[in-house]
file protein-v7.cif (mmCIF, C-alpha atoms)
data_coords
#
loop_
_atom_site.label_atom_id
_atom_site.label_comp_id
_atom_site.auth_asym_id
_atom_site.auth_seq_id
_atom_site.Cartn_x
_atom_site.Cartn_y
_atom_site.Cartn_z
CA MET A 1 13.45 91.62 -58.58
CA THR A 2 14.70 92.35 -62.06
CA ASP A 3 11.99 92.16 -64.70
CA SER A 4 13.07 89.27 -66.87
CA THR A 5 11.51 90.85 -69.95
CA SER A 6 14.12 93.62 -69.83
CA VAL A 7 17.14 91.35 -69.63
CA GLU A 8 19.00 91.06 -72.91
CA THR A 9 20.78 87.75 -72.87
CA PRO A 10 24.35 87.50 -74.15
CA HIS A 11 23.17 84.85 -76.58
CA GLU A 12 20.77 87.34 -78.19
CA ALA A 13 23.31 90.12 -78.22
CA GLY A 14 26.01 87.93 -79.74
CA SER A 15 24.19 87.02 -82.95
CA SER A 16 22.71 89.06 -85.75
CA PRO A 17 19.72 88.44 -88.02
CA GLY A 18 20.57 86.53 -91.13
CA SER A 19 23.91 85.39 -89.81
CA ASN A 20 25.07 81.84 -90.54
CA ARG A 21 28.00 82.13 -88.20
CA ALA A 22 28.16 80.04 -85.09
CA ALA A 23 27.10 81.71 -81.89
CA PRO A 24 29.80 82.92 -79.50
CA GLY A 25 31.29 80.05 -77.59
CA ALA A 26 30.46 77.59 -80.34
CA GLY A 27 33.89 76.02 -79.89
CA GLY A 28 34.73 74.13 -76.77
CA GLY A 29 35.65 70.55 -76.15
CA PRO A 30 34.27 67.46 -77.88
CA VAL A 31 31.63 66.92 -75.19
CA ARG A 32 30.20 70.41 -75.61
CA ARG A 33 30.24 70.10 -79.38
CA ALA A 34 28.46 66.74 -79.18
CA LEU A 35 25.81 68.17 -76.86
CA ARG A 36 25.17 71.03 -79.27
CA ARG A 37 24.66 68.48 -82.08
CA TRP A 38 22.33 66.28 -80.03
CA ARG A 39 19.59 66.33 -82.67
CA SER A 40 21.85 64.47 -85.10
CA TRP A 41 22.66 61.53 -82.81
CA VAL A 42 19.94 61.26 -80.17
CA GLY A 43 17.75 59.01 -82.34
CA TYR A 44 20.59 56.50 -82.63
CA ALA A 45 21.20 56.77 -78.88
CA ALA A 46 17.54 55.90 -78.29
CA ALA A 47 17.89 52.92 -80.65
CA VAL A 48 21.00 51.62 -78.87
CA TRP A 49 19.26 52.02 -75.51
CA ALA A 50 16.09 50.24 -76.69
CA PHE A 51 17.88 47.30 -78.34
CA GLY A 52 20.14 46.97 -75.30
CA TYR A 53 17.28 46.96 -72.82
CA GLY A 54 15.31 44.63 -75.04
CA LEU A 55 18.27 42.24 -74.93
CA LEU A 56 18.23 42.45 -71.13
CA GLY A 57 14.54 41.53 -71.20
CA LEU A 58 15.33 38.50 -73.33
CA LEU A 59 18.16 37.41 -71.03
CA TRP A 60 15.97 37.83 -67.93
CA THR A 61 13.35 35.67 -69.65
CA LEU A 62 15.98 32.99 -70.17
CA GLY A 63 16.91 33.03 -66.49
CA MET A 64 19.72 35.55 -66.16
CA PRO A 65 19.71 37.02 -62.64
CA GLY A 66 19.23 40.73 -62.00
CA PHE A 67 15.58 41.23 -62.96
CA PRO A 68 14.97 44.62 -61.25
CA PHE A 69 11.17 44.78 -61.04
CA GLY A 70 8.59 43.03 -58.89
CA GLU A 71 10.07 39.77 -57.62
CA GLY A 72 13.60 41.11 -58.10
CA ASP A 73 12.97 44.49 -56.51
CA VAL A 74 13.49 45.61 -52.91
CA PRO A 75 10.51 44.21 -50.95
CA ASP A 76 9.69 47.50 -49.20
CA ALA A 77 9.55 49.36 -52.52
CA ARG A 78 7.39 46.99 -54.53
CA HIS A 79 4.10 48.63 -53.61
CA HIS A 80 5.42 51.94 -54.99
CA SER A 81 6.07 50.54 -58.45
CA VAL A 82 3.56 49.93 -61.23
CA LEU A 83 5.59 46.77 -61.92
CA GLY A 84 5.53 45.66 -58.31
CA GLU A 85 3.92 42.33 -59.22
CA ALA A 86 6.16 41.65 -62.23
CA THR A 87 8.10 38.43 -62.70
CA ALA A 88 11.04 37.74 -64.99
CA ALA A 89 9.20 34.92 -66.77
CA GLY A 90 6.03 36.93 -67.31
CA THR A 91 7.35 40.45 -67.90
CA GLY A 92 10.74 39.73 -69.48
CA PRO A 93 9.26 38.79 -72.89
CA TRP A 94 7.27 42.03 -72.95
CA ILE A 95 10.39 44.03 -72.14
CA ALA A 96 12.21 42.28 -74.98
CA ALA A 97 9.38 42.83 -77.47
CA VAL A 98 8.84 46.48 -76.59
CA GLY A 99 12.58 47.11 -76.52
CA PHE A 100 13.20 45.69 -79.99
CA ALA A 101 10.12 47.46 -81.41
CA GLY A 102 11.24 50.68 -79.76
CA GLY A 103 14.68 50.29 -81.32
CA LEU A 104 13.15 50.07 -84.79
CA ALA A 105 10.99 53.12 -84.06
CA ALA A 106 14.06 55.03 -82.86
CA ILE A 107 15.89 54.25 -86.11
CA GLY A 108 12.87 55.62 -87.95
CA LEU A 109 12.98 58.78 -85.84
CA ALA A 110 16.69 59.16 -86.60
CA ARG A 111 16.61 58.54 -90.34
CA ALA A 112 13.15 58.85 -91.85
CA GLY A 113 11.84 61.99 -93.49
CA ALA A 114 8.35 60.52 -93.12
CA ARG A 115 5.03 62.09 -94.01
CA GLY A 116 1.40 61.21 -93.36
CA PRO A 117 0.46 58.19 -91.22
CA LEU A 118 4.04 56.95 -90.88
CA ARG A 119 5.15 60.30 -89.47
CA SER A 120 2.23 60.35 -87.03
CA SER A 121 2.92 56.76 -85.98
CA LEU A 122 6.60 57.44 -85.28
CA ILE A 123 5.80 60.55 -83.26
CA ALA A 124 3.12 58.73 -81.27
CA SER A 125 5.45 55.78 -80.62
CA GLY A 126 8.25 58.07 -79.50
CA TRP A 127 6.07 59.98 -77.04
CA ILE A 128 4.40 56.86 -75.65
CA LEU A 129 7.78 55.32 -74.89
CA ALA A 130 9.10 58.60 -73.49
CA VAL A 131 6.15 59.07 -71.13
CA ALA A 132 6.23 55.44 -69.97
CA LEU A 133 9.98 55.47 -69.32
CA ILE A 134 10.13 58.89 -67.67
CA PHE A 135 6.91 59.11 -65.69
CA VAL A 136 5.23 55.71 -65.33
CA ILE A 137 7.92 53.07 -64.73
CA PRO A 138 10.30 55.01 -62.42
CA ASP A 139 9.21 55.94 -58.91
CA GLN A 140 10.41 58.22 -56.12
CA ARG A 141 13.75 56.41 -55.87
CA VAL A 142 15.08 58.38 -58.83
CA LEU A 143 14.49 61.60 -56.91
CA THR A 144 15.81 60.10 -53.68
CA THR A 145 19.03 58.95 -55.33
CA ILE A 146 19.62 62.36 -56.91
CA ALA A 147 18.74 64.21 -53.71
CA TYR A 148 21.01 62.17 -51.43
CA THR A 149 23.99 62.08 -53.80
CA PRO A 150 25.33 65.45 -52.50
CA ALA A 151 25.33 63.92 -49.01
CA THR A 152 28.26 61.72 -50.05
CA LEU A 153 30.42 64.83 -49.64
CA ALA A 154 29.72 64.70 -45.90
CA LEU A 155 30.85 61.08 -45.46
CA PRO A 156 34.41 62.08 -44.38
CA PHE A 157 32.83 64.15 -41.59
CA GLY A 158 30.81 61.29 -40.12
CA TRP A 159 27.41 61.90 -41.71
CA PRO A 160 25.32 59.96 -42.46
CA PRO A 161 26.14 57.87 -39.36
CA MET A 162 27.02 54.71 -41.29
CA GLY A 163 29.96 53.41 -43.23
CA ALA A 164 30.58 54.65 -46.75
CA GLY A 165 30.10 51.16 -48.17
CA GLU A 166 26.72 50.75 -46.46
CA PHE A 167 25.60 54.20 -47.60
CA PHE A 168 26.56 53.57 -51.23
CA GLU A 169 24.90 50.15 -51.12
CA LEU A 170 21.72 51.77 -49.79
CA LEU A 171 21.77 54.66 -52.26
CA TYR A 172 22.93 52.96 -55.46
CA PRO A 173 21.56 49.41 -55.64
CA TRP A 174 20.95 47.99 -59.12
CA THR A 175 17.19 48.45 -58.70
CA ASN A 176 17.66 52.22 -58.21
CA LEU A 177 20.17 52.52 -61.04
CA ASN A 178 17.80 50.62 -63.31
CA LEU A 179 15.07 53.21 -62.74
CA ILE A 180 17.52 55.98 -63.62
CA LEU A 181 18.47 53.99 -66.72
CA CYS A 182 14.80 53.79 -67.71
CA ALA A 183 14.37 57.54 -67.23
CA LEU A 184 17.46 58.14 -69.37
CA GLY A 185 15.96 56.02 -72.13
CA GLY A 186 12.79 58.09 -71.90
CA VAL A 187 14.79 61.28 -72.28
CA PHE A 188 16.46 59.84 -75.38
CA PHE A 189 13.08 59.02 -76.92
CA ALA A 190 11.60 62.42 -76.05
CA ALA A 191 14.58 64.23 -77.57
CA ALA A 192 14.58 61.99 -80.66
CA THR A 193 10.88 62.66 -81.18
CA VAL A 194 11.36 66.42 -80.88
CA ALA A 195 14.26 66.32 -83.37
CA PHE A 196 12.21 64.21 -85.80
CA HIS A 197 9.25 66.57 -85.47
CA LEU A 198 11.40 69.61 -86.24
CA ARG A 199 13.15 67.91 -89.13
CA THR A 200 9.94 66.79 -90.82
CA LEU A 201 8.44 70.28 -90.44
CA GLY A 202 11.44 71.89 -92.10
CA ALA A 203 12.23 73.84 -88.94
CA CYS A 204 15.68 74.96 -87.87
CA LEU A 205 17.25 72.04 -86.03
CA ARG A 206 19.29 74.41 -83.91
CA CYS A 207 16.56 76.64 -82.48
CA GLY A 208 13.29 75.09 -83.63
CA ARG A 209 11.96 78.09 -85.54
CA ARG A 210 10.09 77.69 -88.83
CA PRO A 211 10.73 80.25 -91.57
CA GLY A 212 7.77 82.48 -92.30
CA ARG A 213 5.97 81.59 -89.07
CA ALA A 214 5.36 84.05 -86.25
CA GLU A 215 6.98 82.99 -82.99
CA GLY A 216 3.90 83.73 -80.87
CA TRP A 217 4.14 82.27 -77.38
CA THR A 218 7.72 81.11 -78.02
CA ALA A 219 8.99 84.66 -78.69
CA PRO A 220 11.45 85.87 -76.03
CA ALA A 221 9.08 88.53 -74.67
CA SER A 222 6.16 86.11 -74.44
CA ALA A 223 8.31 83.36 -72.93
CA ALA A 224 9.59 85.82 -70.35
CA ARG A 225 6.04 86.57 -69.22
CA TRP A 226 4.68 83.04 -68.84
CA GLY A 227 8.07 81.72 -67.81
CA ARG A 228 8.10 84.13 -64.88
CA TRP A 229 4.85 82.68 -63.53
CA ALA A 230 6.18 79.15 -64.02
CA ALA A 231 9.45 79.93 -62.25
CA TYR A 232 7.75 81.61 -59.30
CA THR A 233 5.43 78.62 -58.92
CA ALA A 234 8.35 76.20 -59.09
CA ALA A 235 10.20 78.29 -56.49
CA LEU A 236 7.22 78.41 -54.10
CA VAL A 237 6.04 74.77 -54.11
CA PRO A 238 9.14 73.24 -52.43
CA PHE A 239 8.64 75.52 -49.44
CA THR A 240 5.33 73.79 -48.68
CA TYR A 241 7.38 70.64 -48.15
CA ALA A 242 10.32 72.39 -46.50
CA VAL A 243 8.29 74.25 -43.85
CA VAL A 244 6.59 71.05 -42.68
CA ARG A 245 9.85 69.11 -42.43
CA TRP A 246 11.64 71.97 -40.67
CA LEU A 247 8.85 72.22 -38.10
CA TRP A 248 9.14 68.48 -37.48
CA ALA A 249 12.88 68.89 -36.91
CA PHE A 250 12.13 71.57 -34.30
CA GLY A 251 9.56 69.37 -32.58
CA VAL A 252 6.34 70.81 -33.98
CA PRO A 253 3.96 67.96 -34.98
CA LEU A 254 2.28 69.72 -37.89
CA THR A 255 -0.03 67.31 -39.84
CA ILE A 256 1.17 64.30 -37.76
CA SER A 257 0.70 63.04 -34.20
CA ARG A 258 3.11 63.76 -31.37
CA GLU A 259 3.76 60.03 -31.00
CA PHE A 260 4.78 59.66 -34.62
CA LEU A 261 7.02 62.73 -34.42
CA ASP A 262 8.73 61.34 -31.30
CA GLU A 263 9.35 58.11 -33.21
CA LEU A 264 10.90 60.04 -36.11
CA HIS A 265 13.24 61.83 -33.69
CA GLU A 266 14.22 58.62 -31.94
CA GLU A 267 15.11 56.95 -35.24
CA GLY A 268 16.84 60.07 -36.58
CA VAL A 269 14.71 60.04 -39.72
CA VAL A 270 13.52 63.58 -39.03
CA TRP A 271 16.98 64.93 -39.87
CA ALA A 272 16.97 63.25 -43.26
CA GLY A 273 13.68 65.05 -43.90
CA ALA A 274 15.24 68.33 -42.80
CA TYR A 275 18.13 67.74 -45.20
CA LEU A 276 15.74 67.13 -48.10
CA ALA A 277 13.69 70.19 -47.09
CA THR A 278 16.78 72.40 -47.12
CA LEU A 279 17.87 70.99 -50.47
CA GLY A 280 14.40 71.58 -51.93
CA ALA A 281 14.26 75.14 -50.62
CA LEU A 282 17.70 75.86 -52.08
CA GLY A 283 16.52 74.45 -55.40
CA GLY A 284 13.49 76.70 -55.24
CA VAL A 285 15.69 79.76 -54.81
CA LEU A 286 17.96 78.68 -57.67
CA THR A 287 14.89 78.28 -59.88
CA LEU A 288 14.50 82.06 -59.83
CA GLY A 289 17.71 82.24 -61.87
CA LEU A 290 15.66 81.07 -64.87
CA VAL A 291 13.96 84.49 -64.95
CA GLN A 292 16.62 86.73 -63.40
CA ARG A 293 19.71 88.37 -64.81
CA TRP A 294 21.99 86.22 -62.66
CA GLY A 295 20.65 83.24 -64.59
CA VAL A 296 22.22 84.49 -67.84
CA ILE A 297 25.23 86.42 -66.49
CA TRP A 298 27.28 84.93 -63.67
CA PRO A 299 26.92 87.22 -60.60
CA ARG A 300 29.85 88.83 -58.79
CA TRP A 301 29.98 86.20 -56.06
CA VAL A 302 30.82 83.40 -58.53
CA LEU A 303 34.60 83.46 -58.37
CA GLY A 304 36.36 83.21 -61.70
CA ARG A 305 33.12 83.47 -63.72
CA ALA A 306 31.66 86.81 -62.62
CA GLY A 307 30.30 88.83 -65.53
CA LYS A 308 30.62 85.99 -68.05
CA PRO A 309 27.64 84.41 -69.87
CA VAL A 310 26.03 81.39 -68.25
CA PRO A 311 26.05 78.47 -70.74
CA PRO A 312 22.31 77.96 -71.42
CA MET A 313 22.60 74.17 -71.31
CA PHE A 314 23.76 74.33 -67.68
CA PRO A 315 20.55 75.63 -66.06
CA ILE A 316 18.33 73.94 -68.67
CA THR A 317 19.88 70.51 -68.06
CA PHE A 318 19.89 70.90 -64.28
CA ALA A 319 16.24 72.03 -64.18
CA SER A 320 15.15 69.31 -66.62
CA VAL A 321 16.79 66.51 -64.63
CA VAL A 322 15.10 67.66 -61.43
CA ALA A 323 11.75 68.10 -63.21
CA VAL A 324 11.91 64.54 -64.59
CA ALA A 325 12.74 63.11 -61.15
CA LEU A 326 9.99 65.15 -59.49
CA ALA A 327 7.41 64.05 -62.05
CA SER A 328 7.97 60.32 -61.49
CA ALA A 329 8.05 60.76 -57.70
CA GLY A 330 5.00 63.01 -57.75
CA LEU A 331 2.92 60.54 -59.73
CA VAL A 332 3.71 57.87 -57.12
CA MET A 333 2.53 60.24 -54.38
CA VAL A 334 -0.68 60.99 -56.27
CA ARG A 335 -1.30 57.30 -56.96
CA LEU A 336 -0.73 56.14 -53.37
CA THR A 337 -2.54 58.97 -51.56
CA ASP A 338 -6.03 58.27 -50.25
CA TRP A 339 -7.86 61.22 -51.79
CA THR A 340 -11.00 60.42 -49.82
CA ASP A 341 -9.13 61.21 -46.59
CA PRO A 342 -8.46 64.98 -46.24
CA GLU A 343 -5.94 64.35 -43.46
CA ALA A 344 -3.92 62.04 -45.72
CA VAL A 345 -3.86 64.66 -48.46
CA VAL A 346 -2.89 67.55 -46.18
CA SER A 347 -0.14 65.55 -44.44
CA ASN A 348 1.55 64.69 -47.75
CA PRO A 349 3.16 67.72 -49.44
CA GLY A 350 4.39 65.31 -52.12
CA VAL A 351 1.01 65.51 -53.83
CA LEU A 352 2.12 68.93 -55.10
CA TRP A 353 5.25 67.52 -56.72
CA PRO A 354 3.59 67.05 -60.14
CA VAL A 355 2.76 70.78 -60.06
CA TRP A 356 6.36 71.52 -59.09
CA ALA A 357 7.66 69.32 -61.92
CA ALA A 358 5.38 70.89 -64.53
CA ALA A 359 6.22 74.43 -63.42
CA LEU A 360 9.95 73.74 -63.35
CA GLY A 361 9.85 72.13 -66.79
CA ALA A 362 7.88 75.08 -68.18
CA ALA A 363 10.33 77.55 -66.63
CA ALA A 364 13.27 75.71 -68.23
CA LEU A 365 11.49 75.75 -71.61
CA ALA A 366 10.84 79.49 -71.30
CA TYR A 367 14.50 80.04 -70.45
CA HIS A 368 15.43 78.16 -73.62
CA PHE A 369 13.15 80.36 -75.73
CA ARG A 370 14.65 83.49 -74.14
CA THR A 371 18.28 82.49 -74.60
CA ARG A 372 18.33 80.63 -77.93
CA GLY A 373 19.32 83.78 -79.84
CA ARG A 374 18.42 84.65 -83.39
CA CYS A 375 18.26 82.25 -86.32
CA HIS A 376 19.37 82.56 -89.93
CA LEU A 377 16.13 80.80 -90.97
CA HIS A 378 14.05 83.32 -89.05
CA PRO A 379 15.58 86.79 -89.52
#
call {"tool": "encode", "arguments": {"input": "protein-v7.cif", "output": "structure tokens"}}
result
Amino acid sequence: MTDSTSVETPHEAGSSPGSNRAAPGAGGGPVRRALRRWRSWVGYAAAVWAFGYGLLGLLWTLGMPGFPFGEGDVPDARHHSVLGEATAAGTGPWIAAVGFAGGLAAIGLARAGARGPLRSSLIASGWILAVALIFVIPDQRVLTTIAYTPATLALPFGWPPMGAGEFFELLYPWTNLNLILCALGGVFFAAATVAFHLRTLGACLRCGRRPGRAEGWTAPASAARWGRWAAYTAALVPFTYAVVRWLWAFGVPLTISREFLDELHEEGVVWAGAYLATLGALGGVLTLGLVQRWGVIWPRWVLGRAGKPVPPMFPITFASVVAVALASAGLVMVRLTDWTDPEAVVSNPGVLWPVWAAALGAAALAYHFRTRGRCHLHP
């Protein structure tokens, strides 16, 4: 394997110390330009999301149908959710109150140059909302929806063995989409809090560096070292899940009884597990791109892009989305597993998903530190 510490990224090579010029590829379409300026608008996006969801909470309180938690959720999924016992009349007012308060906090994160207790309060509020919306409220259905979405490409070839309408209804009900919507709101609040933190510290809003401060663990060489360990961990963990599911597909009852395995084969569920195992293993291999040269320069086998720089936001966004979905699913697995029963722990590879999520998130962060280039505030 190529030592990631020796790989000079095109983003580092394309900028010079003390330069105020935009990095190569700073043009592009309006979407790319908007994404590069995310720090300037993400606070307002969080405010719009919070006020909008707060309004939904108010409408659910007043009797509007569509309450997606507890009594309005899918019966089989209610025991997975921390809001499995929620009712529109009892929980709707809280959603409205927290939503409207969160909207005000988001406006503060977007506009205020606060100091002292106000600054600390806004940062704390932003992170509390981000953690709740990303990790606590969603469950494994976010990961399931993301993981099975590529399977829609196989519908014209007769798999899964059901009609397209039934498959879409099963994969994208409002209750699932609502959890994704909550996770999106959490991402908005996390990003708005980071942008506010950088702005109030006087750091560069583009790369996060502070003038006159040593980079330390965020320096490219340091990030390459700890990022390599994170990436290798994130690449290894999914194989603990994949090997078990592959063995089940081939009739080996590892960690389960023969009777239960026969039932999985009769119902065809074992092949869904094999699909997820293969997808997870492929994701584990792709994770290595965060510390390899082919993660910053398109390899020869990528037709039309070979030898060109990989846009940093592409692997960072992809890894971050998967890490967020894994984190919420992993916390459900940890919460529902009987830790007093060794057999229950061993038979559930999902208990390692929080480790996978943390390692993947750390690897993506290290990739960012390696590829963010130089800064005119930090020559």
call {"tool": "atom_distance", "arguments": {"input": "protein-v7.cif", "atom1": "atom CA of Thr87 of chain A", "atom2": "atom CA of Gly72 of chain A"}}
result
7.7 Å
call {"tool": "resolve_selection", "arguments": {"input": "protein-v7.cif", "expression": "the PyMOL selection byres ((chain A and resi 351-359) around 9)", "output": "ChimeraX atom specification"}}
result
/A:227,229-238,240-241,320,322-334,337,345-346,348-350,360-364
call {"tool": "write_last_selection", "arguments": {"input": "protein-v7.cif", "atoms": "C-alpha atoms", "output": "mmCIF file, in the coordinates of the input"}}
result
data_model
loop_
_atom_site.group_PDB
_atom_site.id
_atom_site.type_symbol
_atom_site.label_atom_id
_atom_site.label_comp_id
_atom_site.auth_asym_id
_atom_site.auth_seq_id
_atom_site.Cartn_x
_atom_site.Cartn_y
_atom_site.Cartn_z
ATOM 1 C CA GLY A 227 8.070 81.720 -67.810
ATOM 2 C CA TRP A 229 4.850 82.680 -63.530
ATOM 3 C CA ALA A 230 6.180 79.150 -64.020
ATOM 4 C CA ALA A 231 9.450 79.930 -62.250
ATOM 5 C CA TYR A 232 7.750 81.610 -59.300
ATOM 6 C CA THR A 233 5.430 78.620 -58.920
ATOM 7 C CA ALA A 234 8.350 76.200 -59.090
ATOM 8 C CA ALA A 235 10.200 78.290 -56.490
ATOM 9 C CA LEU A 236 7.220 78.410 -54.100
ATOM 10 C CA VAL A 237 6.040 74.770 -54.110
ATOM 11 C CA PRO A 238 9.140 73.240 -52.430
ATOM 12 C CA THR A 240 5.330 73.790 -48.680
ATOM 13 C CA TYR A 241 7.380 70.640 -48.150
ATOM 14 C CA SER A 320 15.150 69.310 -66.620
ATOM 15 C CA VAL A 322 15.100 67.660 -61.430
ATOM 16 C CA ALA A 323 11.750 68.100 -63.210
ATOM 17 C CA VAL A 324 11.910 64.540 -64.590
ATOM 18 C CA ALA A 325 12.740 63.110 -61.150
ATOM 19 C CA LEU A 326 9.990 65.150 -59.490
ATOM 20 C CA ALA A 327 7.410 64.050 -62.050
ATOM 21 C CA SER A 328 7.970 60.320 -61.490
ATOM 22 C CA ALA A 329 8.050 60.760 -57.700
ATOM 23 C CA GLY A 330 5.000 63.010 -57.750
ATOM 24 C CA LEU A 331 2.920 60.540 -59.730
ATOM 25 C CA VAL A 332 3.710 57.870 -57.120
ATOM 26 C CA MET A 333 2.530 60.240 -54.380
ATOM 27 C CA VAL A 334 -0.680 60.990 -56.270
ATOM 28 C CA THR A 337 -2.540 58.970 -51.560
ATOM 29 C CA VAL A 345 -3.860 64.660 -48.460
ATOM 30 C CA VAL A 346 -2.890 67.550 -46.180
ATOM 31 C CA ASN A 348 1.550 64.690 -47.750
ATOM 32 C CA PRO A 349 3.160 67.720 -49.440
ATOM 33 C CA GLY A 350 4.390 65.310 -52.120
ATOM 34 C CA LEU A 360 9.950 73.740 -63.350
ATOM 35 C CA GLY A 361 9.850 72.130 -66.790
ATOM 36 C CA ALA A 362 7.880 75.080 -68.180
ATOM 37 C CA ALA A 363 10.330 77.550 -66.630
ATOM 38 C CA ALA A 364 13.270 75.710 -68.230
#
call {"tool": "residues_around", "arguments": {"input": "protein-v7.cif", "residues": "segment 61-67 of chain A", "least_positions_apart": "6", "cutoff": "10 Å", "atoms": "all atoms listed in the file", "output": "list in words"}}
result
Leu55, Asp73, Ala86, Thr87, Ala88, Ala89, Gly90, Thr91, Gly92, Pro93, Trp94, Ile95, Ala96, Trp174, Thr175 and Asn178 of chain A
call {"tool": "axis_aligned_box", "arguments": {"input": "protein-v7.cif", "around": "segment 149-156 of chain A", "padding_each_side": "5 Å", "output": "AutoDock Vina command-line options"}}
result
--center_x 29.2 --center_y 63.3 --center_z -49.1 --size_x 20.4 --size_y 14.4 --size_z 19.4
call {"tool": "atom_distance", "arguments": {"input": "protein-v7.cif", "atom1": "atom CA of Ala97 of chain A", "atom2": "atom CA of Leu56 of chain A"}}
result
10.9 Å
call {"tool": "closest_residue", "arguments": {"input": "protein-v7.cif", "among": "A:Phe100, A:Trp60, A:Phe189, A:Trp217", "to": "Ile123 of chain A", "atoms": "only C-alpha atoms"}}
result
A:Phe189
call {"tool": "atom_distance", "arguments": {"input": "protein-v7.cif", "atom1": "atom CA of Val131 of chain A", "atom2": "atom CA of Gly186 of chain A"}}
result
6.8 Å
call {"tool": "closest_residue", "arguments": {"input": "protein-v7.cif", "among": "A:Val252, A:Val244, A:Cys207, A:Leu288", "to": "Ser347 of chain A", "atoms": "only C-alpha atoms"}}
result
A:Val244
call {"tool": "build_atoms", "arguments": {"input": "protein-v7.cif", "residues": "segment 54-66 of chain A", "atoms": "N, CA, C and O atoms", "output": "CSV table (one decimal), in the coordinates of the input"}}
result
chain,number,residue,atom,x,y,z
A,54,GLY,N,16.0,45.8,-74.5
A,54,GLY,CA,15.3,44.6,-75.0
A,54,GLY,C,16.1,43.3,-74.9
A,54,GLY,O,15.5,42.3,-74.6
A,55,LEU,N,17.4,43.4,-75.1
A,55,LEU,CA,18.3,42.2,-74.9
A,55,LEU,C,18.3,41.8,-73.5
A,55,LEU,O,18.3,40.6,-73.2
A,56,LEU,N,18.3,42.8,-72.5
A,56,LEU,CA,18.2,42.4,-71.1
A,56,LEU,C,16.9,41.7,-70.8
A,56,LEU,O,16.9,40.7,-70.1
A,57,GLY,N,15.8,42.2,-71.4
A,57,GLY,CA,14.5,41.5,-71.2
A,57,GLY,C,14.6,40.1,-71.7
A,57,GLY,O,14.0,39.2,-71.0
A,58,LEU,N,15.2,39.9,-72.8
A,58,LEU,CA,15.3,38.5,-73.3
A,58,LEU,C,16.2,37.6,-72.4
A,58,LEU,O,15.8,36.5,-72.1
A,59,LEU,N,17.3,38.2,-71.9
A,59,LEU,CA,18.2,37.4,-71.0
A,59,LEU,C,17.5,37.1,-69.7
A,59,LEU,O,17.6,36.0,-69.1
A,60,TRP,N,16.7,38.1,-69.2
A,60,TRP,CA,16.0,37.8,-67.9
A,60,TRP,C,14.9,36.7,-68.1
A,60,TRP,O,14.7,35.9,-67.3
A,61,THR,N,14.3,36.7,-69.3
A,61,THR,CA,13.4,35.7,-69.6
A,61,THR,C,14.0,34.3,-69.6
A,61,THR,O,13.4,33.3,-69.2
A,62,LEU,N,15.3,34.3,-70.1
A,62,LEU,CA,16.0,33.0,-70.2
A,62,LEU,C,16.6,32.6,-68.8
A,62,LEU,O,17.3,31.6,-68.8
A,63,GLY,N,16.4,33.4,-67.8
A,63,GLY,CA,16.9,33.0,-66.5
A,63,GLY,C,18.1,33.8,-66.0
A,63,GLY,O,18.6,33.5,-64.9
A,64,MET,N,18.6,34.8,-66.7
A,64,MET,CA,19.7,35.6,-66.2
A,64,MET,C,19.3,36.3,-64.9
A,64,MET,O,18.2,36.9,-64.9
A,65,PRO,N,20.1,36.3,-63.9
A,65,PRO,CA,19.7,37.0,-62.6
A,65,PRO,C,19.8,38.5,-62.9
A,65,PRO,O,20.4,39.0,-63.8
A,66,GLY,N,19.2,39.3,-61.9
A,66,GLY,CA,19.2,40.7,-62.0
A,66,GLY,C,17.9,41.4,-62.4
A,66,GLY,O,17.9,42.6,-62.6
